[in-house]
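Source file: run15.cif (mmCIF, C-alpha atoms; chains and numbers go by the auth columns)
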data_data
#
loop_
_atom_site.group_PDB
_atom_site.id
_atom_site.type_symbol
_atom_site.label_atom_id
_atom_site.label_comp_id
_atom_site.label_asym_id
_atom_site.label_seq_id
_atom_site.Cartn_x
_atom_site.Cartn_y
_atom_site.Cartn_z
_atom_site.B_iso_or_equiv
_atom_site.auth_seq_id
_atom_site.auth_asym_id
ATOM 1 C CA ASN A 1 -4.860 13.938 -30.742 0.00 1 A
ATOM 2 C CA GLU A 2 -4.030 17.508 -31.735 0.00 2 A
ATOM 3 C CA LYS A 3 -7.611 18.717 -31.575 0.00 3 A
ATOM 4 C CA ILE A 4 -8.094 17.449 -28.042 0.00 4 A
ATOM 5 C CA ASN A 5 -4.750 18.925 -26.972 0.00 5 A
ATOM 6 C CA GLU A 6 -5.840 22.324 -28.341 0.00 6 A
ATOM 7 C CA LEU A 7 -9.127 22.086 -26.465 0.00 7 A
ATOM 8 C CA PHE A 8 -7.279 21.321 -23.234 0.00 8 A
ATOM 9 C CA ALA A 9 -4.834 24.183 -23.830 0.00 9 A
ATOM 10 C CA GLN A 10 -7.714 26.630 -24.436 0.00 10 A
ATOM 11 C CA ASN A 11 -9.167 25.652 -21.068 0.00 11 A
ATOM 12 C CA ASN A 12 -5.840 25.613 -19.196 0.00 12 A
ATOM 13 C CA MET A 13 -6.119 21.862 -18.670 0.00 13 A
ATOM 14 C CA MET A 14 -3.838 18.915 -19.241 0.00 14 A
ATOM 15 C CA LEU A 15 -4.006 15.173 -18.843 0.00 15 A
ATOM 16 C CA SER A 16 -1.757 13.325 -16.474 0.00 16 A
ATOM 17 C CA SER A 17 -1.334 9.866 -15.103 0.00 17 A
ATOM 18 C CA ALA A 18 -1.117 8.873 -11.481 0.00 18 A
ATOM 19 C CA ASN A 19 1.221 6.103 -10.469 0.00 19 A
ATOM 20 C CA SER A 20 0.817 4.245 -7.207 0.00 20 A
ATOM 21 C CA ILE A 21 2.822 6.739 -5.151 0.00 21 A
ATOM 22 C CA ASN A 22 0.612 9.651 -6.215 0.00 22 A
ATOM 23 C CA TRP A 23 -2.095 10.767 -3.753 0.00 23 A
ATOM 24 C CA GLY A 24 -4.298 11.331 -6.798 0.00 24 A
ATOM 25 C CA ARG A 25 -4.406 7.560 -7.139 0.00 25 A
ATOM 26 C CA LEU A 26 -4.575 6.636 -3.454 0.00 26 A
ATOM 27 C CA LEU A 27 -7.618 8.807 -2.700 0.00 27 A
ATOM 28 C CA PRO A 28 -10.009 7.114 -5.153 0.00 28 A
ATOM 29 C CA GLN A 29 -8.724 3.727 -4.002 0.00 29 A
ATOM 30 C CA ILE A 30 -9.734 4.635 -0.440 0.00 30 A
ATOM 31 C CA VAL A 31 -13.206 5.512 -1.715 0.00 31 A
ATOM 32 C CA TYR A 32 -13.701 2.241 -3.531 0.00 32 A
ATOM 33 C CA TYR A 33 -13.065 0.265 -0.329 0.00 33 A
ATOM 34 C CA PHE A 34 -15.944 2.149 1.284 0.00 34 A
ATOM 35 C CA SER A 35 -18.016 1.613 -1.850 0.00 35 A
ATOM 36 C CA ALA A 36 -17.306 -2.128 -1.830 0.00 36 A
ATOM 37 C CA TYR A 37 -18.302 -2.310 1.838 0.00 37 A
ATOM 38 C CA CYS A 38 -21.571 -0.502 1.040 0.00 38 A
ATOM 39 C CA ASP A 39 -22.185 -2.992 -1.771 0.00 39 A
ATOM 40 C CA LEU A 40 -21.711 -5.875 0.676 0.00 40 A
ATOM 41 C CA LEU A 41 -24.227 -4.236 3.019 0.00 41 A
ATOM 42 C CA ALA A 42 -26.729 -3.568 0.227 0.00 42 A
ATOM 43 C CA ASN A 43 -26.478 -7.170 -0.998 0.00 43 A
ATOM 44 C CA GLY A 44 -27.025 -8.525 2.502 0.00 44 A
ATOM 45 C CA GLN A 45 -23.649 -10.261 2.494 0.00 45 A
ATOM 46 C CA ILE A 46 -22.689 -8.587 5.773 0.00 46 A
ATOM 47 C CA GLY A 47 -24.756 -7.222 8.618 0.00 47 A
ATOM 48 C CA ALA A 48 -25.357 -3.558 9.326 0.00 48 A
ATOM 49 C CA ASP A 49 -23.877 -3.960 12.794 0.00 49 A
ATOM 50 C CA GLY A 50 -20.352 -2.929 11.741 0.00 50 A
ATOM 51 C CA GLU A 51 -19.361 -6.445 10.741 0.00 51 A
ATOM 52 C CA LYS A 52 -15.680 -6.511 9.901 0.00 52 A
ATOM 53 C CA VAL A 53 -14.348 -7.736 6.585 0.00 53 A
ATOM 54 C CA ASN A 54 -10.974 -8.958 5.431 0.00 54 A
ATOM 55 C CA ILE A 55 -9.525 -7.231 2.385 0.00 55 A
ATOM 56 C CA THR A 56 -7.121 -9.115 0.144 0.00 56 A
ATOM 57 C CA VAL A 57 -4.918 -7.078 -2.173 0.00 57 A
ATOM 58 C CA PRO A 58 -2.328 -8.386 -4.631 0.00 58 A
ATOM 59 C CA THR A 59 0.446 -5.842 -4.345 0.00 59 A
ATOM 60 C CA GLY A 60 4.008 -4.993 -5.221 0.00 60 A
ATOM 61 C CA ASN A 61 4.330 -1.278 -4.572 0.00 61 A
ATOM 62 C CA PHE A 62 1.961 -1.338 -1.575 0.00 62 A
ATOM 63 C CA GLY A 63 -0.218 1.513 -2.857 0.00 63 A
ATOM 64 C CA ASN A 64 -3.584 -0.219 -3.123 0.00 64 A
ATOM 65 C CA ILE A 65 -3.264 -1.988 0.222 0.00 65 A
ATOM 66 C CA LEU A 66 -2.076 1.289 1.766 0.00 66 A
ATOM 67 C CA ALA A 67 -5.341 2.829 0.572 0.00 67 A
ATOM 68 C CA ALA A 68 -7.188 0.000 2.352 0.00 68 A
ATOM 69 C CA TYR A 69 -5.147 0.765 5.485 0.00 69 A
ATOM 70 C CA TYR A 70 -6.185 4.430 5.314 0.00 70 A
ATOM 71 C CA ALA A 71 -9.827 3.368 4.820 0.00 71 A
ATOM 72 C CA LYS A 72 -9.513 1.250 7.976 0.00 72 A
ATOM 73 C CA LYS A 73 -8.055 4.207 9.848 0.00 73 A
ATOM 74 C CA MET A 74 -10.981 6.317 8.641 0.00 74 A
ATOM 75 C CA GLY A 75 -13.406 3.872 10.271 0.00 75 A
ATOM 76 C CA LEU A 76 -14.089 1.207 7.673 0.00 76 A
ATOM 77 C CA PRO A 77 -14.768 -2.009 9.639 0.00 77 A
ATOM 78 C CA VAL A 78 -11.759 -4.099 8.596 0.00 78 A
ATOM 79 C CA ASN A 79 -10.420 -7.142 10.384 0.00 79 A
ATOM 80 C CA LYS A 80 -7.251 -7.937 8.420 0.00 80 A
ATOM 81 C CA LEU A 81 -5.556 -6.539 5.360 0.00 81 A
ATOM 82 C CA ILE A 82 -4.230 -9.536 3.477 0.00 82 A
ATOM 83 C CA CYS A 83 -1.202 -8.853 1.304 0.00 83 A
ATOM 84 C CA ALA A 84 -0.984 -11.256 -1.625 0.00 84 A
ATOM 85 C CA SER A 85 2.424 -11.489 -3.276 0.00 85 A
ATOM 86 C CA ASN A 86 3.867 -13.299 -6.238 0.00 86 A
ATOM 87 C CA SER A 87 7.280 -14.955 -6.528 0.00 87 A
ATOM 88 C CA ASN A 88 8.943 -11.641 -5.630 0.00 88 A
ATOM 89 C CA ASN A 89 7.637 -12.080 -2.105 0.00 89 A
ATOM 90 C CA VAL A 90 9.542 -9.257 -0.449 0.00 90 A
ATOM 91 C CA LEU A 91 6.345 -7.918 1.138 0.00 91 A
ATOM 92 C CA THR A 92 5.184 -11.293 2.432 0.00 92 A
ATOM 93 C CA GLU A 93 8.538 -11.831 4.094 0.00 93 A
ATOM 94 C CA TYR A 94 8.570 -8.283 5.466 0.00 94 A
ATOM 95 C CA LEU A 95 5.084 -8.407 6.966 0.00 95 A
ATOM 96 C CA ASN A 96 5.848 -11.744 8.603 0.00 96 A
ATOM 97 C CA THR A 97 9.349 -10.985 9.933 0.00 97 A
ATOM 98 C CA GLY A 98 9.805 -7.209 10.011 0.00 98 A
ATOM 99 C CA VAL A 99 12.888 -7.552 7.809 0.00 99 A
ATOM 100 C CA TYR A 100 12.707 -5.787 4.454 0.00 100 A
ATOM 101 C CA ASN A 101 15.343 -7.303 2.191 0.00 101 A
ATOM 102 C CA ARG A 102 15.583 -6.372 -1.473 0.00 102 A
ATOM 103 C CA ASN A 103 18.812 -8.386 -1.819 0.00 103 A
ATOM 104 C CA ARG A 104 17.285 -11.256 -3.752 0.00 104 A
ATOM 105 C CA ASN A 105 16.873 -12.436 -7.298 0.00 105 A
ATOM 106 C CA PHE A 106 14.334 -10.412 -9.234 0.00 106 A
ATOM 107 C CA LEU A 107 11.809 -12.580 -11.024 0.00 107 A
ATOM 108 C CA ALA A 108 9.873 -11.338 -14.054 0.00 108 A
ATOM 109 C CA THR A 109 6.381 -12.834 -13.759 0.00 109 A
ATOM 110 C CA ILE A 110 3.073 -12.506 -15.581 0.00 110 A
ATOM 111 C CA SER A 111 2.096 -9.807 -13.038 0.00 111 A
ATOM 112 C CA PRO A 112 4.607 -6.991 -13.651 0.00 112 A
ATOM 113 C CA SER A 113 2.819 -4.552 -11.329 0.00 113 A
ATOM 114 C CA MET A 114 3.778 -6.914 -8.516 0.00 114 A
ATOM 115 C CA ASP A 115 7.343 -7.444 -9.756 0.00 115 A
ATOM 116 C CA ILE A 116 8.817 -4.893 -7.367 0.00 116 A
ATOM 117 C CA LEU A 117 11.639 -5.253 -4.871 0.00 117 A
ATOM 118 C CA VAL A 118 11.352 -1.785 -3.290 0.00 118 A
ATOM 119 C CA SER A 119 7.797 -0.883 -2.325 0.00 119 A
ATOM 120 C CA SER A 120 7.779 2.897 -2.201 0.00 120 A
ATOM 121 C CA ASN A 121 4.452 3.262 -0.409 0.00 121 A
ATOM 122 C CA LEU A 122 5.687 1.289 2.576 0.00 122 A
ATOM 123 C CA GLU A 123 7.487 4.390 3.826 0.00 123 A
ATOM 124 C CA ARG A 124 4.103 6.105 4.295 0.00 124 A
ATOM 125 C CA LEU A 125 2.839 3.203 6.367 0.00 125 A
ATOM 126 C CA LEU A 126 5.949 3.248 8.538 0.00 126 A
ATOM 127 C CA TYR A 127 5.600 6.976 9.099 0.00 127 A
ATOM 128 C CA ASP A 128 2.076 6.411 10.370 0.00 128 A
ATOM 129 C CA LEU A 129 2.898 3.368 12.496 0.00 129 A
ATOM 130 C CA THR A 130 5.757 5.232 14.206 0.00 130 A
ATOM 131 C CA GLY A 131 3.517 8.161 15.088 0.00 131 A
ATOM 132 C CA GLY A 132 5.189 10.401 12.521 0.00 132 A
ATOM 133 C CA ASP A 133 8.762 9.636 13.583 0.00 133 A
ATOM 134 C CA SER A 134 10.436 10.779 10.371 0.00 134 A
ATOM 135 C CA THR A 135 13.917 10.332 11.854 0.00 135 A
ATOM 136 C CA ARG A 136 13.357 6.642 12.543 0.00 136 A
ATOM 137 C CA VAL A 137 11.714 6.048 9.153 0.00 137 A
ATOM 138 C CA ALA A 138 14.471 7.977 7.343 0.00 138 A
ATOM 139 C CA GLY A 139 17.024 5.787 9.106 0.00 139 A
ATOM 140 C CA TRP A 140 15.352 2.636 7.815 0.00 140 A
ATOM 141 C CA MET A 141 15.122 4.073 4.308 0.00 141 A
ATOM 142 C CA GLN A 142 18.804 5.055 4.418 0.00 142 A
ATOM 143 C CA GLU A 143 19.689 1.550 5.574 0.00 143 A
ATOM 144 C CA LEU A 144 17.650 0.139 2.674 0.00 144 A
ATOM 145 C CA ALA A 145 19.469 2.417 0.230 0.00 145 A
ATOM 146 C CA THR A 146 22.938 1.515 1.498 0.00 146 A
ATOM 147 C CA THR A 147 22.640 -2.154 2.478 0.00 147 A
ATOM 148 C CA GLY A 148 19.492 -3.273 0.671 0.00 148 A
ATOM 149 C CA LYS A 149 17.667 -4.158 3.866 0.00 149 A
ATOM 150 C CA TYR A 150 16.396 -2.950 7.216 0.00 150 A
ATOM 151 C CA GLN A 151 14.549 -4.355 10.195 0.00 151 A
ATOM 152 C CA VAL A 152 11.780 -2.599 12.081 0.00 152 A
ATOM 153 C CA ASP A 153 11.598 -2.717 15.864 0.00 153 A
ATOM 154 C CA GLU A 154 9.265 -4.963 17.873 0.00 154 A
ATOM 155 C CA ASP A 155 6.651 -2.218 18.322 0.00 155 A
ATOM 156 C CA VAL A 156 6.237 -1.692 14.571 0.00 156 A
ATOM 157 C CA LEU A 157 6.357 -5.436 13.882 0.00 157 A
ATOM 158 C CA SER A 158 3.602 -5.981 16.452 0.00 158 A
ATOM 159 C CA GLN A 159 1.447 -3.354 14.723 0.00 159 A
ATOM 160 C CA LEU A 160 2.108 -4.943 11.330 0.00 160 A
ATOM 161 C CA HIS A 161 0.969 -8.326 12.659 0.00 161 A
ATOM 162 C CA GLU A 162 -2.159 -6.786 14.187 0.00 162 A
ATOM 163 C CA ILE A 163 -3.239 -5.151 10.912 0.00 163 A
ATOM 164 C CA PHE A 164 -1.792 -7.306 8.120 0.00 164 A
ATOM 165 C CA TYR A 165 -1.616 -10.915 7.112 0.00 165 A
ATOM 166 C CA ALA A 166 0.635 -12.071 4.290 0.00 166 A
#

Could the structure of this file be written out as structure tokens, please?
Amino acid sequence: NEKINELFAQNNMMLSSANSINWGRLLPQIVYYFSAYCDLLANGQIGADGEKVNITVPTGNFGNILAAYYAKKMGLPVNKLICASNSNNVLTEYLNTGVYNRNRNFLATISPSMDILVSSNLERLLYDLTGGDSTRVAGWMQELATTGKYQVDEDVLSQLHEIFYA
């Protein structure tokens, strides 16, 4: 709409979109996990004693469930983050085994936002789980780029199992 574009230009503004690797999308997702928890409290579905909840997220690029992870780290009482996958179950396999393997048939399903073989937000999680060890994470990402797969060490796998269920 030309008129709206002119109005934006006059005010030095522009519209943009935020895909799942943009912090501008992750931040509001973090907020809505806190909001949902408050709704559960207000509706009496959980107790005010810090009762933990499980959060189930259908995911392909790992952004929304990463936001739930950050909410947990910020103090939201979360028991498990449950990663729901479709037929392209690269994340389910990864969270269960620690092996990320994109070398598989790609299946087009009715849920295209989950039809992803390389989950770009996973790198952020790994960075956090390794205590900010960018060298180790970069090594895994390089291995993924060259061979199509990588395997995390036992320490990271143990942390994945403690936080996630898939």

(message) To test your reading of the syntax: which residues would the PyMOL selection byres ((chain A and resi 87-98) around 10) return for the file shown? Reply as a VMD selection string.
(response) chain A and resid 59 to 62 82 to 86 99 to 109 111 114 to 119 122 150 to 154 156 to 161 163 to 166

Which centre and edge lengths in Å to one decimal define the box along x, y and z that fits every listed atom of segment 23-26 of chain A plus 3 Å per side, as JSON?
{"center_x": -3.3, "center_y": 9.0, "center_z": -5.3, "size_x": 8.5, "size_y": 10.7, "size_z": 9.7}

(message) What would the selection look like, as a count of residues only, if the PyMOL selection byres ((chain A and resi 32-42) around 10) were run on the coordinates I just shared?
(response) 29

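What separates atom CA of Thr146 of chain A from atom CA of Tyr127 of chain A is a distance of 19.7 Å.
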
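Atom pair atom CA of Arg124 of chain A / atom CA of Gly63 of chain A: separated by 9.5 Å.
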
(request) Could you please determine the separation between atom CA of Asn12 of chain A and atom CA of Gly24 of chain A in Å, to one decimal place? (result) 19.0 Å

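If all atoms listed in the file are the atoms counted, then among A:Asn22, A:Asp155, A:Glu2, A:Leu7 the closest residue to Gly131 of chain A is A:Asp155.
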
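Residue nearest Pro112 of chain A, chosen from A:Pro58, A:Gly139, A:Gly132, A:Leu126 and counting all atoms listed in the file: A:Pro58.
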
From the coordinates supplied, segment 33-47 of chain A should be written with N, CA, C and O atoms, as a CSV table (one decimal), in the first residue's frame.
chain,number,residue,atom,x,y,z
A,33,TYR,N,5.5,-17.8,27.2
A,33,TYR,CA,5.6,-18.9,28.1
A,33,TYR,C,5.3,-18.5,29.5
A,33,TYR,O,4.6,-19.2,30.3
A,34,PHE,N,5.8,-17.3,29.9
A,34,PHE,CA,5.5,-16.8,31.2
A,34,PHE,C,4.0,-16.4,31.3
A,34,PHE,O,3.4,-16.7,32.3
A,35,SER,N,3.5,-15.9,30.3
A,35,SER,CA,2.1,-15.5,30.2
A,35,SER,C,1.2,-16.8,30.4
A,35,SER,O,0.2,-16.8,31.1
A,36,ALA,N,1.5,-17.8,29.7
A,36,ALA,CA,0.8,-19.1,29.8
A,36,ALA,C,0.8,-19.6,31.2
A,36,ALA,O,-0.2,-20.1,31.7
A,37,TYR,N,2.0,-19.6,31.8
A,37,TYR,CA,2.1,-20.1,33.2
A,37,TYR,C,1.2,-19.2,34.1
A,37,TYR,O,0.5,-19.8,35.0
A,38,CYS,N,1.2,-17.9,33.9
A,38,CYS,CA,0.4,-17.0,34.7
A,38,CYS,C,-1.1,-17.4,34.5
A,38,CYS,O,-1.9,-17.4,35.5
A,39,ASP,N,-1.5,-17.7,33.3
A,39,ASP,CA,-2.9,-18.1,33.0
A,39,ASP,C,-3.2,-19.4,33.8
A,39,ASP,O,-4.3,-19.5,34.3
A,40,LEU,N,-2.3,-20.3,33.8
A,40,LEU,CA,-2.5,-21.6,34.5
A,40,LEU,C,-2.7,-21.3,36.0
A,40,LEU,O,-3.6,-21.9,36.7
A,41,LEU,N,-1.9,-20.4,36.5
A,41,LEU,CA,-2.0,-20.0,37.9
A,41,LEU,C,-3.4,-19.4,38.2
A,41,LEU,O,-4.1,-19.7,39.1
A,42,ALA,N,-3.7,-18.4,37.3
A,42,ALA,CA,-5.0,-17.7,37.5
A,42,ALA,C,-6.2,-18.6,37.4
A,42,ALA,O,-7.2,-18.3,38.1
A,43,ASN,N,-6.1,-19.6,36.6
A,43,ASN,CA,-7.2,-20.5,36.4
A,43,ASN,C,-7.3,-21.6,37.4
A,43,ASN,O,-8.1,-22.5,37.4
A,44,GLY,N,-6.3,-21.6,38.3
A,44,GLY,CA,-6.2,-22.6,39.4
A,44,GLY,C,-5.8,-24.0,38.9
A,44,GLY,O,-6.0,-25.0,39.5
A,45,GLN,N,-5.2,-24.1,37.7
A,45,GLN,CA,-4.8,-25.4,37.1
A,45,GLN,C,-3.5,-25.8,37.7
A,45,GLN,O,-3.2,-27.0,37.6
A,46,ILE,N,-2.7,-24.9,38.2
A,46,ILE,CA,-1.5,-25.3,39.0
A,46,ILE,C,-1.5,-24.5,40.2
A,46,ILE,O,-2.1,-23.4,40.3
A,47,GLY,N,-0.7,-25.0,41.2
A,47,GLY,CA,-0.6,-24.3,42.5
A,47,GLY,C,0.4,-23.1,42.4
A,47,GLY,O,1.3,-23.1,41.6
